[in-house]
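Peer 1: This is the structure I have questions about; it appears just below.
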Amino acid sequence: MIRIVIFVVIAAAFLMFAHAAEMAIASAKIQMHVPANEVVTPPLWLASAFFFGNRLLASDFYMLRANLYVQTALAEGKSYQSVVSLYSLIRDLNPRSCLTYQTAGTFLEQYHLDEATRAANRFLEEGVRACPEDWFMKFLLAFNLSKQKDYAKAGWILIEAAKDKKAPEWVGSLGHKWVNQHDNASH
């Protein structure tokens, strides 16, 4: 019973702090002349402080917020830079979260802007370095590169992804096909 009471008190305190932070950020947006429909991310130290220094918990909280924000951002035509800043904060809080890189790379590519696609590819490239065992991260990067008509690079990335035992067989086949097409086209 005591544990439940302590948990409720801590949860209530957290909600009060989170509300205070939201109010402070809203006030800062007004002072910085940031449009109301854009997001301002808190500094890294503040983001983790509200979670009593637990960066993993903070990254999970901001990941949920970011995923909800992105859906409205895409629907309402909001800037992709806000999405980049949110996922950058999450990445800084938990640099080993493969899901952060995958989600950022997937959502940013949906803006169909060259700058947003480059930002998506940067997240995915960082993700490949942070999570080298994740074949799907490599697949997402290759998929984005293929949309930019860089089939040779995409093919080599798929061939690398196919070395993972969990990767389906078609990943390597597609990689070889793209590399061979590029080689034949360049001769």
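Residue numbering restarts at 1 in every chain; chains get A, B, ... in the order shown in the structure tokens, and ligands count up from 1 in that same order.
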Just the residues within 7 Å of region 84-100 of chain A, please, counting only C-alpha atoms, with nothing from its chain fewer than 3 positions along; format it as an mmCIF file with N, CA, C and O atoms, in the first residue's frame.
Peer 2:
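Contents of around19.cif, as written:
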```cif
data_model
loop_
_atom_site.group_PDB
_atom_site.id
_atom_site.type_symbol
_atom_site.label_atom_id
_atom_site.label_comp_id
_atom_site.auth_asym_id
_atom_site.auth_seq_id
_atom_site.Cartn_x
_atom_site.Cartn_y
_atom_site.Cartn_z
ATOM 1 N N THR A 41 11.962 22.224 -28.433
ATOM 2 C CA THR A 41 12.412 21.164 -27.540
ATOM 3 C C THR A 41 13.221 21.774 -26.406
ATOM 4 O O THR A 41 13.954 22.735 -26.610
ATOM 5 N N LEU A 44 18.797 19.440 -23.253
ATOM 6 C CA LEU A 44 18.973 18.050 -22.836
ATOM 7 C C LEU A 44 18.933 17.908 -21.316
ATOM 8 O O LEU A 44 18.280 17.008 -20.788
ATOM 9 N N ARG A 55 17.395 9.188 -18.163
ATOM 10 C CA ARG A 55 17.385 9.558 -19.577
ATOM 11 C C ARG A 55 16.578 8.582 -20.431
ATOM 12 O O ARG A 55 15.961 8.980 -21.426
ATOM 13 N N LEU A 56 16.567 7.308 -20.075
ATOM 14 C CA LEU A 56 15.800 6.337 -20.857
ATOM 15 C C LEU A 56 14.306 6.596 -20.743
ATOM 16 O O LEU A 56 13.570 6.528 -21.728
ATOM 17 N N SER A 59 13.575 9.649 -22.758
ATOM 18 C CA SER A 59 13.567 9.393 -24.207
ATOM 19 C C SER A 59 12.282 8.675 -24.622
ATOM 20 O O SER A 59 11.721 8.970 -25.683
ATOM 21 N N TYR A 62 9.483 11.344 -24.688
ATOM 22 C CA TYR A 62 9.575 12.208 -25.860
ATOM 23 C C TYR A 62 9.345 11.445 -27.159
ATOM 24 O O TYR A 62 8.876 12.011 -28.141
ATOM 25 N N MET A 63 9.654 10.159 -27.178
ATOM 26 C CA MET A 63 9.378 9.348 -28.369
ATOM 27 C C MET A 63 7.868 9.270 -28.600
ATOM 28 O O MET A 63 7.388 9.432 -29.726
ATOM 29 N N ALA A 66 6.788 12.656 -29.802
ATOM 30 C CA ALA A 66 7.234 12.907 -31.172
ATOM 31 C C ALA A 66 6.375 12.154 -32.171
ATOM 32 O O ALA A 66 5.980 12.712 -33.209
ATOM 33 N N TYR A 80 9.484 20.364 -41.221
ATOM 34 C CA TYR A 80 10.208 19.139 -40.852
ATOM 35 C C TYR A 80 11.296 19.414 -39.821
ATOM 36 O O TYR A 80 11.727 18.513 -39.116
ATOM 37 N N GLN A 81 11.760 20.677 -39.698
ATOM 38 C CA GLN A 81 12.805 20.990 -38.729
ATOM 39 C C GLN A 81 12.359 20.715 -37.295
ATOM 40 O O GLN A 81 13.173 20.335 -36.456
ATOM 41 N N THR A 103 12.385 5.412 -36.755
ATOM 42 C CA THR A 103 11.183 6.244 -36.787
ATOM 43 C C THR A 103 11.474 7.598 -37.406
ATOM 44 O O THR A 103 10.719 8.084 -38.253
ATOM 45 N N ALA A 104 12.583 8.217 -37.001
ATOM 46 C CA ALA A 104 12.937 9.523 -37.569
ATOM 47 C C ALA A 104 13.164 9.413 -39.070
ATOM 48 O O ALA A 104 12.664 10.238 -39.847
ATOM 49 N N GLY A 127 21.972 5.629 -37.300
ATOM 50 C CA GLY A 127 21.383 4.408 -36.773
ATOM 51 C C GLY A 127 22.148 3.163 -37.189
ATOM 52 O O GLY A 127 22.302 2.230 -36.399
ATOM 53 N N ALA A 130 25.072 3.143 -34.928
ATOM 54 C CA ALA A 130 24.705 2.866 -33.531
ATOM 55 C C ALA A 130 24.166 1.441 -33.349
ATOM 56 O O ALA A 130 24.324 0.854 -32.283
ATOM 57 N N CYS A 131 23.527 0.908 -34.367
ATOM 58 C CA CYS A 131 22.899 -0.417 -34.299
ATOM 59 C C CYS A 131 23.330 -1.251 -35.508
ATOM 60 O O CYS A 131 22.499 -1.546 -36.391
#
```
Peer 1: Which residues, written as a PyMOL selection string, have at least one atom at most 6 Å from Ala154 (chain A), with only C-alpha atoms counted and residues fewer than 4 positions away on the same chain left out?
Peer 2: chain A and resi 142+145-146
Peer 1: Please, what distance in Å, to one decimal, runs between CA of Trp135 (chain A) and CA of Tyr101 (chain A)?
Peer 2: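 Result for CA of Trp135 (chain A) versus CA of Tyr101 (chain A): 12.9 Å, one decimal.
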Peer 1: Skip region 106-108 of chain A itself and residues of its chain fewer than 2 positions away, then list as an mmCIF file with all heavy atoms, in the first residue's frame all residues within 9 Å of it, counting only C-alpha atoms.
Peer 2:
```cif
data_model
loop_
_atom_site.group_PDB
_atom_site.id
_atom_site.type_symbol
_atom_site.label_atom_id
_atom_site.label_comp_id
_atom_site.auth_asym_id
_atom_site.auth_seq_id
_atom_site.Cartn_x
_atom_site.Cartn_y
_atom_site.Cartn_z
ATOM 1 N N ASN A 67 6.075 10.902 -31.886
ATOM 2 C CA ASN A 67 5.268 10.111 -32.814
ATOM 3 C C ASN A 67 3.874 10.705 -32.979
ATOM 4 O O ASN A 67 3.317 10.712 -34.081
ATOM 5 C CB ASN A 67 5.188 8.661 -32.364
ATOM 6 C CG ASN A 67 6.523 7.960 -32.500
ATOM 7 O OD1 ASN A 67 7.437 8.447 -33.153
ATOM 8 N ND2 ASN A 67 6.651 6.824 -31.852
ATOM 9 N N VAL A 70 4.349 14.088 -35.016
ATOM 10 C CA VAL A 70 4.653 13.911 -36.436
ATOM 11 C C VAL A 70 3.383 13.679 -37.237
ATOM 12 O O VAL A 70 3.240 14.199 -38.347
ATOM 13 C CB VAL A 70 5.655 12.754 -36.638
ATOM 14 C CG1 VAL A 70 5.756 12.361 -38.084
ATOM 15 C CG2 VAL A 70 7.010 13.152 -36.116
ATOM 16 N N GLN A 71 2.469 12.911 -36.695
ATOM 17 C CA GLN A 71 1.221 12.656 -37.416
ATOM 18 C C GLN A 71 0.485 13.961 -37.702
ATOM 19 O O GLN A 71 -0.014 14.170 -38.808
ATOM 20 C CB GLN A 71 0.338 11.696 -36.622
ATOM 21 C CG GLN A 71 0.947 10.329 -36.424
ATOM 22 C CD GLN A 71 1.300 9.647 -37.732
ATOM 23 O OE1 GLN A 71 0.558 9.721 -38.710
ATOM 24 N NE2 GLN A 71 2.445 8.995 -37.758
ATOM 25 N N LEU A 74 2.619 16.270 -40.235
ATOM 26 C CA LEU A 74 2.455 15.899 -41.637
ATOM 27 C C LEU A 74 1.085 16.325 -42.160
ATOM 28 O O LEU A 74 0.971 16.858 -43.260
ATOM 29 C CB LEU A 74 2.626 14.390 -41.811
ATOM 30 C CG LEU A 74 4.060 13.866 -41.738
ATOM 31 C CD1 LEU A 74 4.061 12.347 -41.616
ATOM 32 C CD2 LEU A 74 4.849 14.298 -42.952
ATOM 33 N N TYR A 80 9.484 20.364 -41.221
ATOM 34 C CA TYR A 80 10.208 19.139 -40.852
ATOM 35 C C TYR A 80 11.296 19.414 -39.821
ATOM 36 O O TYR A 80 11.727 18.513 -39.116
ATOM 37 C CB TYR A 80 10.790 18.460 -42.092
ATOM 38 C CG TYR A 80 12.039 19.121 -42.609
ATOM 39 C CD1 TYR A 80 13.297 18.691 -42.189
ATOM 40 C CD2 TYR A 80 11.973 20.182 -43.499
ATOM 41 C CE1 TYR A 80 14.445 19.300 -42.648
ATOM 42 C CE2 TYR A 80 13.107 20.786 -43.956
ATOM 43 C CZ TYR A 80 14.343 20.350 -43.528
ATOM 44 O OH TYR A 80 15.476 20.964 -43.976
ATOM 45 N N VAL A 83 10.436 18.301 -36.394
ATOM 46 C CA VAL A 83 10.549 16.849 -36.245
ATOM 47 C C VAL A 83 12.010 16.470 -36.019
ATOM 48 O O VAL A 83 12.331 15.643 -35.160
ATOM 49 C CB VAL A 83 9.959 16.132 -37.477
ATOM 50 C CG1 VAL A 83 10.146 14.628 -37.382
ATOM 51 C CG2 VAL A 83 8.489 16.480 -37.639
ATOM 52 N N VAL A 84 12.914 17.095 -36.762
ATOM 53 C CA VAL A 84 14.344 16.834 -36.597
ATOM 54 C C VAL A 84 14.788 17.179 -35.186
ATOM 55 O O VAL A 84 15.514 16.417 -34.545
ATOM 56 C CB VAL A 84 15.180 17.617 -37.643
ATOM 57 C CG1 VAL A 84 16.664 17.550 -37.325
ATOM 58 C CG2 VAL A 84 14.916 17.086 -39.034
ATOM 59 N N TYR A 101 16.091 6.020 -34.526
ATOM 60 C CA TYR A 101 16.639 6.266 -35.860
ATOM 61 C C TYR A 101 15.683 5.794 -36.946
ATOM 62 O O TYR A 101 15.482 6.484 -37.951
ATOM 63 C CB TYR A 101 17.987 5.564 -36.012
ATOM 64 C CG TYR A 101 19.012 5.998 -35.001
ATOM 65 C CD1 TYR A 101 19.383 5.162 -33.953
ATOM 66 C CD2 TYR A 101 19.619 7.245 -35.086
ATOM 67 C CE1 TYR A 101 20.338 5.559 -33.030
ATOM 68 C CE2 TYR A 101 20.571 7.651 -34.157
ATOM 69 C CZ TYR A 101 20.928 6.802 -33.134
ATOM 70 O OH TYR A 101 21.858 7.198 -32.217
ATOM 71 N N GLN A 102 15.084 4.622 -36.743
ATOM 72 C CA GLN A 102 14.150 4.089 -37.737
ATOM 73 C C GLN A 102 12.936 4.996 -37.880
ATOM 74 O O GLN A 102 12.503 5.305 -38.995
ATOM 75 C CB GLN A 102 13.685 2.689 -37.339
ATOM 76 C CG GLN A 102 14.735 1.632 -37.462
ATOM 77 C CD GLN A 102 14.231 0.280 -36.985
ATOM 78 O OE1 GLN A 102 13.120 0.140 -36.489
ATOM 79 N NE2 GLN A 102 15.072 -0.741 -37.141
ATOM 80 N N THR A 103 12.385 5.412 -36.755
ATOM 81 C CA THR A 103 11.183 6.244 -36.787
ATOM 82 C C THR A 103 11.474 7.598 -37.406
ATOM 83 O O THR A 103 10.719 8.084 -38.253
ATOM 84 C CB THR A 103 10.618 6.415 -35.362
ATOM 85 O OG1 THR A 103 10.474 5.133 -34.764
ATOM 86 C CG2 THR A 103 9.283 7.103 -35.382
ATOM 87 N N ALA A 104 12.583 8.217 -37.001
ATOM 88 C CA ALA A 104 12.937 9.523 -37.569
ATOM 89 C C ALA A 104 13.164 9.413 -39.070
ATOM 90 O O ALA A 104 12.664 10.238 -39.847
ATOM 91 C CB ALA A 104 14.187 10.068 -36.875
ATOM 92 N N GLN A 110 8.735 11.045 -45.329
ATOM 93 C CA GLN A 110 7.359 11.247 -45.775
ATOM 94 C C GLN A 110 7.058 12.698 -46.132
ATOM 95 O O GLN A 110 6.015 12.982 -46.710
ATOM 96 C CB GLN A 110 6.385 10.753 -44.714
ATOM 97 C CG GLN A 110 6.403 9.255 -44.556
ATOM 98 C CD GLN A 110 5.472 8.783 -43.447
ATOM 99 O OE1 GLN A 110 4.573 9.492 -43.038
ATOM 100 N NE2 GLN A 110 5.704 7.570 -42.980
ATOM 101 N N TYR A 111 7.962 13.621 -45.799
ATOM 102 C CA TYR A 111 7.763 15.026 -46.175
ATOM 103 C C TYR A 111 7.964 15.251 -47.678
ATOM 104 O O TYR A 111 7.527 16.258 -48.215
ATOM 105 C CB TYR A 111 8.722 15.928 -45.387
ATOM 106 C CG TYR A 111 8.166 16.364 -44.060
ATOM 107 C CD1 TYR A 111 8.402 15.618 -42.920
ATOM 108 C CD2 TYR A 111 7.397 17.512 -43.950
ATOM 109 C CE1 TYR A 111 7.888 16.020 -41.696
ATOM 110 C CE2 TYR A 111 6.879 17.919 -42.743
ATOM 111 C CZ TYR A 111 7.130 17.171 -41.612
ATOM 112 O OH TYR A 111 6.615 17.556 -40.406
ATOM 113 N N HIS A 112 8.663 14.333 -48.341
ATOM 114 C CA HIS A 112 8.911 14.419 -49.782
ATOM 115 C C HIS A 112 9.609 15.728 -50.165
ATOM 116 O O HIS A 112 9.313 16.319 -51.197
ATOM 117 C CB HIS A 112 7.613 14.244 -50.588
ATOM 118 C CG HIS A 112 6.916 12.958 -50.291
ATOM 119 N ND1 HIS A 112 7.455 11.719 -50.627
ATOM 120 C CD2 HIS A 112 5.745 12.687 -49.663
ATOM 121 C CE1 HIS A 112 6.633 10.767 -50.238
ATOM 122 N NE2 HIS A 112 5.601 11.322 -49.647
ATOM 123 N N LEU A 113 10.516 16.167 -49.302
ATOM 124 C CA LEU A 113 11.371 17.323 -49.580
ATOM 125 C C LEU A 113 12.819 16.844 -49.564
ATOM 126 O O LEU A 113 13.179 15.986 -48.761
ATOM 127 C CB LEU A 113 11.195 18.399 -48.504
ATOM 128 C CG LEU A 113 9.809 19.003 -48.329
ATOM 129 C CD1 LEU A 113 9.770 19.884 -47.092
ATOM 130 C CD2 LEU A 113 9.463 19.837 -49.558
ATOM 131 N N ALA A 116 14.429 17.264 -46.128
ATOM 132 C CA ALA A 116 13.891 16.312 -45.143
ATOM 133 C C ALA A 116 14.416 14.905 -45.421
ATOM 134 O O ALA A 116 14.738 14.157 -44.491
ATOM 135 C CB ALA A 116 12.365 16.333 -45.171
ATOM 136 N N THR A 117 14.546 14.550 -46.698
ATOM 137 C CA THR A 117 15.081 13.232 -47.040
ATOM 138 C C THR A 117 16.546 13.131 -46.646
ATOM 139 O O THR A 117 16.987 12.095 -46.138
ATOM 140 C CB THR A 117 14.903 12.953 -48.541
ATOM 141 O OG1 THR A 117 13.502 13.009 -48.841
ATOM 142 C CG2 THR A 117 15.436 11.588 -48.922
ATOM 143 N N ARG A 118 17.311 14.205 -46.840
ATOM 144 C CA ARG A 118 18.714 14.195 -46.398
ATOM 145 C C ARG A 118 18.793 14.047 -44.881
ATOM 146 O O ARG A 118 19.636 13.320 -44.372
ATOM 147 C CB ARG A 118 19.433 15.453 -46.871
ATOM 148 C CG ARG A 118 19.834 15.389 -48.335
ATOM 149 C CD ARG A 118 20.797 16.499 -48.705
ATOM 150 N NE ARG A 118 20.200 17.811 -48.685
ATOM 151 C CZ ARG A 118 19.522 18.352 -49.693
ATOM 152 N NH1 ARG A 118 19.361 17.671 -50.811
ATOM 153 N NH2 ARG A 118 19.015 19.560 -49.596
ATOM 154 N N ALA A 119 17.904 14.738 -44.166
ATOM 155 C CA ALA A 119 17.874 14.602 -42.700
ATOM 156 C C ALA A 119 17.499 13.170 -42.313
ATOM 157 O O ALA A 119 18.078 12.602 -41.375
ATOM 158 C CB ALA A 119 16.891 15.599 -42.096
ATOM 159 N N ALA A 120 16.551 12.585 -43.029
ATOM 160 C CA ALA A 120 16.153 11.194 -42.764
ATOM 161 C C ALA A 120 17.335 10.261 -42.977
ATOM 162 O O ALA A 120 17.596 9.371 -42.154
ATOM 163 C CB ALA A 120 14.994 10.796 -43.673
ATOM 164 N N ASN A 121 18.069 10.472 -44.053
ATOM 165 C CA ASN A 121 19.224 9.627 -44.337
ATOM 166 C C ASN A 121 20.320 9.799 -43.290
ATOM 167 O O ASN A 121 20.992 8.829 -42.932
ATOM 168 C CB ASN A 121 19.765 9.902 -45.734
ATOM 169 C CG ASN A 121 18.841 9.381 -46.817
ATOM 170 O OD1 ASN A 121 17.916 8.621 -46.549
ATOM 171 N ND2 ASN A 121 19.080 9.799 -48.039
ATOM 172 N N LEU A 124 19.283 7.733 -40.378
ATOM 173 C CA LEU A 124 19.449 6.311 -40.665
ATOM 174 C C LEU A 124 20.923 5.912 -40.712
ATOM 175 O O LEU A 124 21.292 4.833 -40.248
ATOM 176 C CB LEU A 124 18.738 5.945 -41.966
ATOM 177 C CG LEU A 124 17.204 5.993 -41.884
ATOM 178 C CD1 LEU A 124 16.586 5.868 -43.267
ATOM 179 C CD2 LEU A 124 16.675 4.922 -40.951
ATOM 180 N N LEU A 140 15.985 0.362 -44.598
ATOM 181 C CA LEU A 140 15.322 1.668 -44.692
ATOM 182 C C LEU A 140 16.219 2.703 -45.363
ATOM 183 O O LEU A 140 15.759 3.494 -46.195
ATOM 184 C CB LEU A 140 14.910 2.154 -43.300
ATOM 185 C CG LEU A 140 13.761 1.415 -42.626
ATOM 186 C CD1 LEU A 140 13.566 1.913 -41.201
ATOM 187 C CD2 LEU A 140 12.479 1.568 -43.425
ATOM 188 N N ASN A 144 15.443 4.595 -48.927
ATOM 189 C CA ASN A 144 15.478 6.045 -49.132
ATOM 190 C C ASN A 144 16.441 6.410 -50.261
ATOM 191 O O ASN A 144 16.143 7.276 -51.090
ATOM 192 C CB ASN A 144 15.890 6.765 -47.855
ATOM 193 C CG ASN A 144 14.746 6.903 -46.871
ATOM 194 O OD1 ASN A 144 13.643 6.410 -47.101
ATOM 195 N ND2 ASN A 144 14.999 7.555 -45.763
#
```
Peer 1: Between A:Trp178, A:Phe136, A:Tyr151, A:Phe143, which residue has the minimum interatomic distance to Lys163 (chain A), considering only C-alpha atoms?
Peer 2: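 Closest candidate: A:Phe136.
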Peer 1: Identify which of the residues A:Lys78, A:Arg3, A:Lys138, A:His182 lies closest to Glu126 (chain A), counting only C-alpha atoms when measuring atom-to-atom distances.
Peer 2: A:Lys138
Peer 1: So how many Å separate CA of Val171 (chain A) and CA of Ile157 (chain A), to one decimal?
Peer 2: 9.7 Å
Peer 1: What is the CA of Ile2 (chain A) to CA of Asp60 (chain A) distance in Å?
Peer 2: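 Calculated distance between CA of Ile2 (chain A) and CA of Asp60 (chain A) is 26.6 Å.
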Peer 1: Among region 69-142 of chain A, which ones does DSSP assign to alpha helix (DSSP H) (computed from the backbone)? Answer as a ChimeraX atom specification.
Peer 2: /A:69-76,80-93,98-109,114-130,135-142
